[in-house]
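Trainee: Please find one structure pasted underneath; my questions will follow.
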Amino acid sequence: MSVIDTFRLDGKVAIVTGSARGLGQSIAIGLADAGADVFLVDTLAGEETAAAIRQLGRQAAICQYDLLGLASDRAEQLIAQCNSSLGGVDILVNNAGIIRRDTAVDFSERDWREVLSINLDAAFYLSQAAARHFVAKQRPGKIINMASMLSFQGGVTVVSYAAAKSAIAGMTRALANEWAADKIFVNALAPGYFATELTRGIRSDPVREAELLQRIPAGRWGVPEDLQGPVVFLASAASNYLNGTILAVDGGWLSR
């Protein structure tokens, strides 16, 4: 097999949460372009993403579902639903996430719990269910979590998001340690500042936006397509000796 061939995902099935728009949509399309069929999980309708995947000649199945309050049993059902719809599960991308902003002293219990529920709890329960599936089927698997620059930094007025993303980094390493012997590869992407709905507020503030761009060596915001290559790498055989890594895709932000 050539090096280029190790990046191919032909015959693989991927689950991508938060895949109806933004980074998740681009990730799902990138995986399909590399050959994977994709199971799309989002609170929003995923027809646009599914149509783009089918145009690439791959299969797409849509599961419109809210991950808030996801419990272990429902995570098992989602994995089983993907297996039934597309004939297997090989890759899980825990991309779904929300952010709430307020000062720490005023941060509400509801905002704290909802951010942790979607950004952390759902990622763990889905990872757990996927790992059980991989072990039961005696097949290798790839789990890709979505970390953040705030896995390394504290940020301002985003205490629950920073807590969740820091925990994602730790969880990624812990699961990698436990599951490596079963050929389950657990890694994470840590996007920097991307032009998405989550950053609309910052991008609408000319002063704040200028400050951020000055700090980014690349001199620009990331665009969703910037994650396609990294996610295909982590999902493919090309990364079969990579485990527990938090891969920053940040235009050089952390190096500054």
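Each chain in the structure tokens gets a letter, A, B and so on, in the order shown; residues start at 1 in every chain, and ligands are counted from 1 in the order they appear.
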For stretch 112-123 of chain A, find every residue with an atom within 7 Å (counting only C-alpha atoms), except residues of its own chain fewer than 4 positions away, and show them as a list of chain:residue names.

Mentor: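 Residues meeting the cut-off are A:Leu67, A:Leu68, A:Gly69, A:Leu70, A:Asn94, A:Ala96, A:Gly97, A:Ile98, A:Ile99, A:Ser108, A:Ser127, A:Ser160, A:Tyr161, A:Ala164, A:Ile168.
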
Trainee: If you run DSSP over the backbone, which residues in stretch 75-176 of chain A end up alpha helix (DSSP H)? Put them as a PyMOL selection string.

Mentor: chain A and resi 75-86+109-116+122-137+159-176

Trainee: Quick one: residues within 6 Å of stretch 39-47 of chain A, only C-alpha atoms, excluding same-chain residues fewer than 4 positions away - as a ChimeraX atom specification?

Mentor: /A:15-20,51,60-66

Trainee: Please dump the current selection as a PDB file, in the first residue's frame; keep C-alpha atoms.

Mentor:
ATOM      1  CA  ILE A  15     -20.354   9.158  12.711  1.00  0.00           C
ATOM      2  CA  VAL A  16     -20.074  12.943  12.910  1.00  0.00           C
ATOM      3  CA  THR A  17     -22.023  14.859  15.542  1.00  0.00           C
ATOM      4  CA  GLY A  18     -22.930  18.494  14.983  1.00  0.00           C
ATOM      5  CA  SER A  19     -22.698  17.895  11.238  1.00  0.00           C
ATOM      6  CA  ALA A  20     -25.475  20.082   9.817  1.00  0.00           C
ATOM      7  CA  ALA A  51     -26.711  16.004  -0.349  1.00  0.00           C
ATOM      8  CA  ALA A  60     -25.286   9.489   4.140  1.00  0.00           C
ATOM      9  CA  ALA A  61     -27.838   8.759   6.854  1.00  0.00           C
ATOM     10  CA  ILE A  62     -29.428  11.518   8.941  1.00  0.00           C
ATOM     11  CA  CYS A  63     -30.235  11.304  12.645  1.00  0.00           C
ATOM     12  CA  GLN A  64     -31.856  14.517  13.860  1.00  0.00           C
ATOM     13  CA  TYR A  65     -31.266  14.317  17.591  1.00  0.00           C
ATOM     14  CA  ASP A  66     -30.465  16.642  20.500  1.00  0.00           C
TER      15      ASP A  66
END

Trainee: I need the residues of stretch 87-120 of chain A that end up classed as strand (DSSP E) by DSSP on the backbone, written out as a list in words.

Mentor: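 Matching residues, listed in order: Ile91, Leu92, Val93 and Asn94 of chain A.
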
Trainee: Would you output that residue set with C-alpha atoms, as a PDB file, in the first residue's frame?

Mentor:
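Ended up saving to result_34.pdb:
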ATOM      1  CA  ILE A  91     -14.908   6.290  12.972  1.00  0.00           C
ATOM      2  CA  LEU A  92     -16.509   8.556  15.565  1.00  0.00           C
ATOM      3  CA  VAL A  93     -16.049  12.326  15.442  1.00  0.00           C
ATOM      4  CA  ASN A  94     -17.354  14.035  18.583  1.00  0.00           C
TER       5      ASN A  94
END

Trainee: Could you give me, as a list in words, the residues within 7 Å of stretch 228-236 of chain A, counting only C-alpha atoms and dropping anything in the same chain fewer than 2 positions from it?

Mentor: Thr6, Phe7, Arg8, Leu9, Ser26, Ile27, Gly30, Leu31, Ile91, Lys142, Glu225, Asp226, Ala238 and Ser239 of chain A

Trainee: Smallest atom-to-atom distance to A:Lys12: which of A:Ala147, A:Ala136, A:Ala237, A:Val186, using only C-alpha atoms?

Mentor: A:Ala237

Trainee: Nearest to A:Gly154: which of A:Ser166, A:Thr49, A:Ser204, A:Gln138 is it, counting only C-alpha atoms?

Mentor: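 Of all the options, A:Ser166 lies closest to A:Gly154.
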
Trainee: Could you check how far atom CA of A:Ile29 sits from atom CA of A:Gly141, in Å to one decimal?

Mentor: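 So the answer is 19.4 Å.
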
Trainee: For A:Asp10, please output as a ChimeraX atom specification all residues within 10 Å (counting only C-alpha atoms; exclusion window: fewer than 5 positions along the same chain).

Mentor: /A:5,31-37,58,236

Trainee: Based on the selection just made, write N, CA and C atoms of those residues as a PDB file, in the first residue's frame.

Mentor:
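Result file is selection-v9.pdb:
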ATOM      1  N   ASP A   5      -2.366   5.904  -0.319  1.00  0.00           N
ATOM      2  CA  ASP A   5      -3.482   4.979  -0.092  1.00  0.00           C
ATOM      3  C   ASP A   5      -3.839   4.852   1.383  1.00  0.00           C
ATOM      4  N   LEU A  31     -14.530  13.650   5.133  1.00  0.00           N
ATOM      5  CA  LEU A  31     -14.451  12.192   5.323  1.00  0.00           C
ATOM      6  C   LEU A  31     -15.070  11.454   4.147  1.00  0.00           C
ATOM      7  N   ALA A  32     -16.190  11.975   3.647  1.00  0.00           N
ATOM      8  CA  ALA A  32     -16.837  11.354   2.486  1.00  0.00           C
ATOM      9  C   ALA A  32     -15.955  11.464   1.247  1.00  0.00           C
ATOM     10  N   ASP A  33     -15.295  12.599   1.076  1.00  0.00           N
ATOM     11  CA  ASP A  33     -14.412  12.797  -0.074  1.00  0.00           C
ATOM     12  C   ASP A  33     -13.258  11.810  -0.050  1.00  0.00           C
ATOM     13  N   ALA A  34     -12.864  11.383   1.155  1.00  0.00           N
ATOM     14  CA  ALA A  34     -11.800  10.384   1.289  1.00  0.00           C
ATOM     15  C   ALA A  34     -12.328   8.957   1.165  1.00  0.00           C
ATOM     16  N   GLY A  35     -13.660   8.794   1.033  1.00  0.00           N
ATOM     17  CA  GLY A  35     -14.227   7.481   0.771  1.00  0.00           C
ATOM     18  C   GLY A  35     -15.204   6.934   1.780  1.00  0.00           C
ATOM     19  N   ALA A  36     -15.436   7.651   2.894  1.00  0.00           N
ATOM     20  CA  ALA A  36     -16.294   7.113   3.952  1.00  0.00           C
ATOM     21  C   ALA A  36     -17.768   7.412   3.705  1.00  0.00           C
ATOM     22  N   ASP A  37     -18.621   6.516   4.177  1.00  0.00           N
ATOM     23  CA  ASP A  37     -20.043   6.808   4.326  1.00  0.00           C
ATOM     24  C   ASP A  37     -20.219   7.460   5.690  1.00  0.00           C
ATOM     25  N   ARG A  58     -20.946   8.870  -2.052  1.00  0.00           N
ATOM     26  CA  ARG A  58     -20.970   8.153  -0.786  1.00  0.00           C
ATOM     27  C   ARG A  58     -22.373   8.158  -0.193  1.00  0.00           C
ATOM     28  N   SER A 236      -7.721   7.906   9.377  1.00  0.00           N
ATOM     29  CA  SER A 236      -7.196   6.936   8.422  1.00  0.00           C
ATOM     30  C   SER A 236      -6.054   6.100   9.003  1.00  0.00           C
TER      31      SER A 236
END

Trainee: What gap, in Å, lies between atom CA of A:Trp179 and atom CA of A:Asp250?

Mentor: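 So the answer is 27.7 Å.
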
Trainee: For the atom pair atom CA of A:Arg256 and atom CA of A:Pro217, what is the interatomic distance in Å to one decimal place?

Mentor: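 Spanning atom CA of A:Arg256 to atom CA of A:Pro217 is a straight-line distance of 7.1 Å.
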
Trainee: Restricting the calculation to only C-alpha atoms: of A:Ala131, A:Met146, A:Ala104, A:Ala50, which residue gets closest to A:Ile79?

Mentor: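 Of the candidates, the smallest distance to A:Ile79 is held by A:Ala131.
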
Trainee: Looking at A:Met171, A:Ile216, A:Ile143, A:Val38, which one is nearest to A:Phe185, with distances taken over only C-alpha atoms?

Mentor: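 When distances to A:Phe185 are compared using only C-alpha atoms, the smallest one comes from A:Ile143.
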
Trainee: Considering only C-alpha atoms, can you say which of A:Ala162, A:Leu56, A:Leu242, A:Leu86 comes closest to A:Ile144?

Mentor: A:Leu242

Trainee: Which residues come within 12 Å of A:Arg200, counting only C-alpha atoms, excluding same-chain residues fewer than 6 positions away, as an mmCIF file with N, CA and C atoms, in the first residue's frame?

Mentor:
data_model
loop_
_atom_site.group_PDB
_atom_site.id
_atom_site.type_symbol
_atom_site.label_atom_id
_atom_site.label_comp_id
_atom_site.auth_asym_id
_atom_site.auth_seq_id
_atom_site.Cartn_x
_atom_site.Cartn_y
_atom_site.Cartn_z
ATOM 1 N N GLY A 22 -21.227 24.414 9.596
ATOM 2 C CA GLY A 22 -19.956 24.793 10.204
ATOM 3 C C GLY A 22 -18.867 23.745 10.094
ATOM 4 N N ILE A 99 -21.518 26.958 23.199
ATOM 5 C CA ILE A 99 -20.772 27.860 24.063
ATOM 6 C C ILE A 99 -21.738 28.859 24.675
ATOM 7 N N TYR A 193 -9.035 29.869 15.987
ATOM 8 C CA TYR A 193 -10.145 30.779 15.692
ATOM 9 C C TYR A 193 -10.621 30.568 14.263
ATOM 10 N N PHE A 194 -11.822 30.018 14.136
ATOM 11 C CA PHE A 194 -12.419 29.714 12.840
ATOM 12 C C PHE A 194 -13.632 30.616 12.600
ATOM 13 N N PRO A 206 -14.854 44.948 15.399
ATOM 14 C CA PRO A 206 -13.636 45.234 14.630
ATOM 15 C C PRO A 206 -12.377 45.306 15.491
ATOM 16 N N ARG A 208 -11.786 43.822 18.520
ATOM 17 C CA ARG A 208 -11.447 42.476 19.006
ATOM 18 C C ARG A 208 -10.920 41.606 17.869
ATOM 19 N N GLU A 209 -11.548 41.701 16.705
ATOM 20 C CA GLU A 209 -11.099 40.902 15.568
ATOM 21 C C GLU A 209 -9.671 41.278 15.167
ATOM 22 N N TRP A 221 -8.490 34.127 9.759
ATOM 23 C CA TRP A 221 -9.342 33.165 10.439
ATOM 24 C C TRP A 221 -9.246 31.820 9.724
#

Trainee: Counting only C-alpha atoms, figure out which residue out of A:Ile246, A:Met1, A:Ala218, A:Ala80 gets nearest to A:Arg173.

Mentor: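 Nearest candidate to A:Arg173 out of A:Ile246, A:Met1, A:Ala218, A:Ala80: A:Ile246.
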
Trainee: Could you give me, as a PyMOL selection string, the residues within 8 Å of A:Ala163, counting only C-alpha atoms and dropping anything in the same chain fewer than 4 positions from it?

Mentor: chain A and resi 116+151+159+167

Trainee: Save the residues we just selected, N, CA and C atoms, as a compact mmCIF listing (two decimals), in the first residue's frame?

Mentor:
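Generated output (again-v9.txt):
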# COMPACT_ATOMS: atom_id res chain seq x y z
N LEU A 116 -21.52 21.49 29.61
CA LEU A 116 -20.83 20.25 29.99
C LEU A 116 -21.54 19.02 29.43
N SER A 151 -8.49 24.22 25.49
CA SER A 151 -7.94 23.05 26.17
C SER A 151 -6.57 23.38 26.75
N VAL A 159 -16.29 30.12 31.06
CA VAL A 159 -15.76 29.19 32.05
C VAL A 159 -16.21 27.75 31.81
N ALA A 167 -11.27 19.26 29.82
CA ALA A 167 -11.60 17.87 30.15
C ALA A 167 -11.54 16.97 28.92
